[in-house]
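As structure tokens, the structure follows; a few thoughts come after it.
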Amino acid sequence: MNDQHEMDEPDVFDGPPRVTNADMPEPPHPVNWNLLTAHELEQEWLALNRWVDWLRRTYGLPVAVVPPFWHHHPEMVWELSALHLHWLAAYDPEQNASAPLGWHRDFADARERLRYWVTACGTRGDRDRPTRQAAWPGEDPAPTIQDFTFTDRDAEFVEFVIAQVRKRQEAEDEFYAGLDDDEAQ
């Protein structure tokens, strides 16, 4: 058999996607999803999605821990984002050798929180619904929650990101237009 062909074959010990300087121009820092520009938002969604896909496959995580539609649930986005950044820091070549053990300890805690949130929101492998919100006294009752079914998770993710980026871009455009109006006065 051709040695070159054998070298090109993926193997079970292949690691996560390689992180290059293009992916990470500076050391990892916390991501505040509320403050990202439209461009940053798109980049963060794509990077987090790649990492979550690697995570679920590498650790054999069930839907009860990381459901396909995690990106629709802010509580899961924040948790997975923090876990991703913690992983990047723990496996940084400049980190000490015991850092990955700390990550795995924290990963065990994070799995328990993710299980709780998956149970609370009711998302499943083939369908999703918004996380239930309790109305506080004086607020309108929460709307009735309906399940949504999806047949192609990846296509749905792309549509979701496009919609999120468009919404963020519209907010940025509106903000900057307001600044232009203030300067004109």
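In the structure tokens, each chain is lettered A, B, ... as it comes, each chain's residues begin at 1, and ligands are numbered from 1 in order of appearance.
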task = Apply DSSP to the structure's backbone, then extract all residues of segment 3-130 of chain A labelled alpha helix (DSSP H) and return them as a PyMOL selection string.
result = chain A and resi 3-8+38-58+74-90+99-121
Spatial neighbours of segment 106-108 of chain A, max dist 10 Å, only C-alpha atoms, sep filter under 3 positions, as a list in words = Leu80, Leu83, His84, His86, Trp87, Pro100, Leu101, Gly102, Trp103, Arg111, Glu112 and Arg113 of chain A
Keeping only C-alpha atoms, write the selected residues to a file as a short mmCIF file (atom, residue, chain, number, x, y, z; two decimals), in the first residue's frame.
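Writing the result to selection_37.cif gives the following:
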```
data_model
loop_
_atom_site.label_atom_id
_atom_site.label_comp_id
_atom_site.auth_asym_id
_atom_site.auth_seq_id
_atom_site.Cartn_x
_atom_site.Cartn_y
_atom_site.Cartn_z
CA LEU A 80 -20.23 26.16 25.66
CA LEU A 83 -15.89 25.88 27.99
CA HIS A 84 -14.34 26.43 24.54
CA HIS A 86 -11.19 27.32 28.84
CA TRP A 87 -10.13 24.46 26.53
CA PRO A 100 -5.83 19.90 30.84
CA LEU A 101 -6.73 18.06 34.06
CA GLY A 102 -8.31 21.26 35.37
CA TRP A 103 -10.24 21.60 32.12
CA ARG A 111 -21.86 18.63 31.57
CA GLU A 112 -24.12 18.62 34.64
CA ARG A 113 -25.23 22.21 33.97
#
```
message = Just list as a count of residues only whatever in segment 10-177 of chain A DSSP marks as strand (DSSP E or B).
response = 4
ask   = atom CA of Val66 of chain A and atom CA of Leu114 of chain A are how many Å apart?
value = 7.0 Å
Shell around Trp78 of chain A at 12 Å using only C-alpha atoms, local window under 2 positions removed, as an MDAnalysis selection string = chainID A and resid 30:34 44:45 48 70:76 80:85 110 113:114 117
query = So what do you get for atom CA of Asp92 of chain A versus atom CA of Thr37 of chain A, distance-wise?
reply =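 Between these atoms lies a distance of 26.2 Å.
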task = Name all residues at most 10 Å from segment 154-162 of chain A (count only C-alpha atoms; drop same-chain ones fewer than 4 positions away) and give them as a list in words.
result = Ala38, Leu41, Glu42, Gln43, Trp45, Leu46, Asn49, Pro68, Phe69, Trp70, His71, His72, Phe150, Arg166, Lys167 and Arg168 of chain A
Quick one: write out the picked residues with C-alpha atoms as a PDB file, in the first residue's frame?
```pdb
ATOM      1  CA  ALA A  38     -21.746  41.594  13.084  1.00  0.00           C
ATOM      2  CA  LEU A  41     -20.467  37.491  15.721  1.00  0.00           C
ATOM      3  CA  GLU A  42     -20.266  35.464  12.520  1.00  0.00           C
ATOM      4  CA  GLN A  43     -16.676  34.418  13.256  1.00  0.00           C
ATOM      5  CA  TRP A  45     -20.557  31.389  15.809  1.00  0.00           C
ATOM      6  CA  LEU A  46     -18.572  29.465  13.202  1.00  0.00           C
ATOM      7  CA  ASN A  49     -19.920  25.450  16.135  1.00  0.00           C
ATOM      8  CA  PRO A  68     -28.212  19.713  17.884  1.00  0.00           C
ATOM      9  CA  PHE A  69     -29.964  23.037  18.395  1.00  0.00           C
ATOM     10  CA  TRP A  70     -27.856  24.285  21.311  1.00  0.00           C
ATOM     11  CA  HIS A  71     -27.312  27.533  19.420  1.00  0.00           C
ATOM     12  CA  HIS A  72     -30.968  28.529  19.992  1.00  0.00           C
ATOM     13  CA  PHE A 150     -35.721  20.369  11.476  1.00  0.00           C
ATOM     14  CA  ARG A 166     -28.153  40.408   9.697  1.00  0.00           C
ATOM     15  CA  LYS A 167     -29.962  41.500  12.865  1.00  0.00           C
ATOM     16  CA  ARG A 168     -26.692  42.627  14.475  1.00  0.00           C
TER      17      ARG A 168
END
```
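The two atoms in question, atom CA of Glu40 of chain A and atom CA of Val165 of chain A, are spaced 9.1 Å apart.
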task = For Asp147 of chain A, please output as an MDAnalysis selection string all residues within 12 Å (counting only C-alpha atoms; exclusion window: fewer than 3 positions along the same chain).
result = chainID A and resid 69 121:132 144 150
Take the residues from that selection and write them out as an mmCIF file, in the first residue's frame, keeping N, CA, C and O atoms.
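Result saved to out_15.cif:
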```cif
data_model
loop_
_atom_site.group_PDB
_atom_site.id
_atom_site.type_symbol
_atom_site.label_atom_id
_atom_site.label_comp_id
_atom_site.auth_asym_id
_atom_site.auth_seq_id
_atom_site.Cartn_x
_atom_site.Cartn_y
_atom_site.Cartn_z
ATOM 1 N N PHE A 69 -29.525 21.641 18.514
ATOM 2 C CA PHE A 69 -29.964 23.037 18.395
ATOM 3 C C PHE A 69 -29.556 23.875 19.599
ATOM 4 O O PHE A 69 -30.233 24.817 19.980
ATOM 5 N N CYS A 121 -35.204 23.249 29.027
ATOM 6 C CA CYS A 121 -35.735 23.856 27.797
ATOM 7 C C CYS A 121 -36.521 22.859 26.953
ATOM 8 O O CYS A 121 -37.368 23.259 26.165
ATOM 9 N N GLY A 122 -36.242 21.586 27.095
ATOM 10 C CA GLY A 122 -37.015 20.579 26.385
ATOM 11 C C GLY A 122 -36.569 20.304 24.961
ATOM 12 O O GLY A 122 -37.258 19.622 24.218
ATOM 13 N N THR A 123 -35.410 20.795 24.561
ATOM 14 C CA THR A 123 -34.934 20.510 23.211
ATOM 15 C C THR A 123 -34.597 19.023 23.096
ATOM 16 O O THR A 123 -34.254 18.375 24.073
ATOM 17 N N ARG A 124 -34.748 18.488 21.904
ATOM 18 C CA ARG A 124 -34.501 17.070 21.647
ATOM 19 C C ARG A 124 -33.609 16.938 20.411
ATOM 20 O O ARG A 124 -33.239 17.920 19.804
ATOM 21 N N GLY A 125 -33.327 15.720 20.034
ATOM 22 C CA GLY A 125 -32.475 15.482 18.871
ATOM 23 C C GLY A 125 -33.088 15.890 17.554
ATOM 24 O O GLY A 125 -32.390 16.323 16.646
ATOM 25 N N ASP A 126 -34.402 15.761 17.432
ATOM 26 C CA ASP A 126 -35.055 16.030 16.148
ATOM 27 C C ASP A 126 -35.958 17.254 16.169
ATOM 28 O O ASP A 126 -36.561 17.600 15.165
ATOM 29 N N ARG A 127 -36.080 17.897 17.309
ATOM 30 C CA ARG A 127 -36.952 19.075 17.396
ATOM 31 C C ARG A 127 -36.445 20.002 18.496
ATOM 32 O O ARG A 127 -35.667 19.611 19.347
ATOM 33 N N ASP A 128 -36.925 21.208 18.436
ATOM 34 C CA ASP A 128 -36.481 22.210 19.392
ATOM 35 C C ASP A 128 -37.658 23.095 19.741
ATOM 36 O O ASP A 128 -38.669 23.120 19.036
ATOM 37 N N ARG A 129 -37.502 23.813 20.831
ATOM 38 C CA ARG A 129 -38.484 24.821 21.219
ATOM 39 C C ARG A 129 -37.753 25.857 22.061
ATOM 40 O O ARG A 129 -36.707 25.562 22.661
ATOM 41 N N PRO A 130 -38.294 27.067 22.111
ATOM 42 C CA PRO A 130 -37.644 28.094 22.931
ATOM 43 C C PRO A 130 -37.615 27.687 24.399
ATOM 44 O O PRO A 130 -38.498 26.975 24.874
ATOM 45 N N THR A 131 -36.597 28.145 25.095
ATOM 46 C CA THR A 131 -36.508 27.892 26.534
ATOM 47 C C THR A 131 -37.696 28.552 27.217
ATOM 48 O O THR A 131 -38.037 29.699 26.916
ATOM 49 N N ARG A 132 -38.340 27.833 28.096
ATOM 50 C CA ARG A 132 -39.493 28.377 28.822
ATOM 51 C C ARG A 132 -39.064 29.564 29.679
ATOM 52 O O ARG A 132 -38.025 29.529 30.319
ATOM 53 N N THR A 144 -47.340 30.675 24.414
ATOM 54 C CA THR A 144 -47.382 29.218 24.321
ATOM 55 C C THR A 144 -46.157 28.751 23.545
ATOM 56 O O THR A 144 -45.804 29.334 22.519
ATOM 57 N N PHE A 150 -36.696 20.039 12.509
ATOM 58 C CA PHE A 150 -35.721 20.369 11.476
ATOM 59 C C PHE A 150 -35.203 19.067 10.893
ATOM 60 O O PHE A 150 -34.977 18.101 11.610
#
```
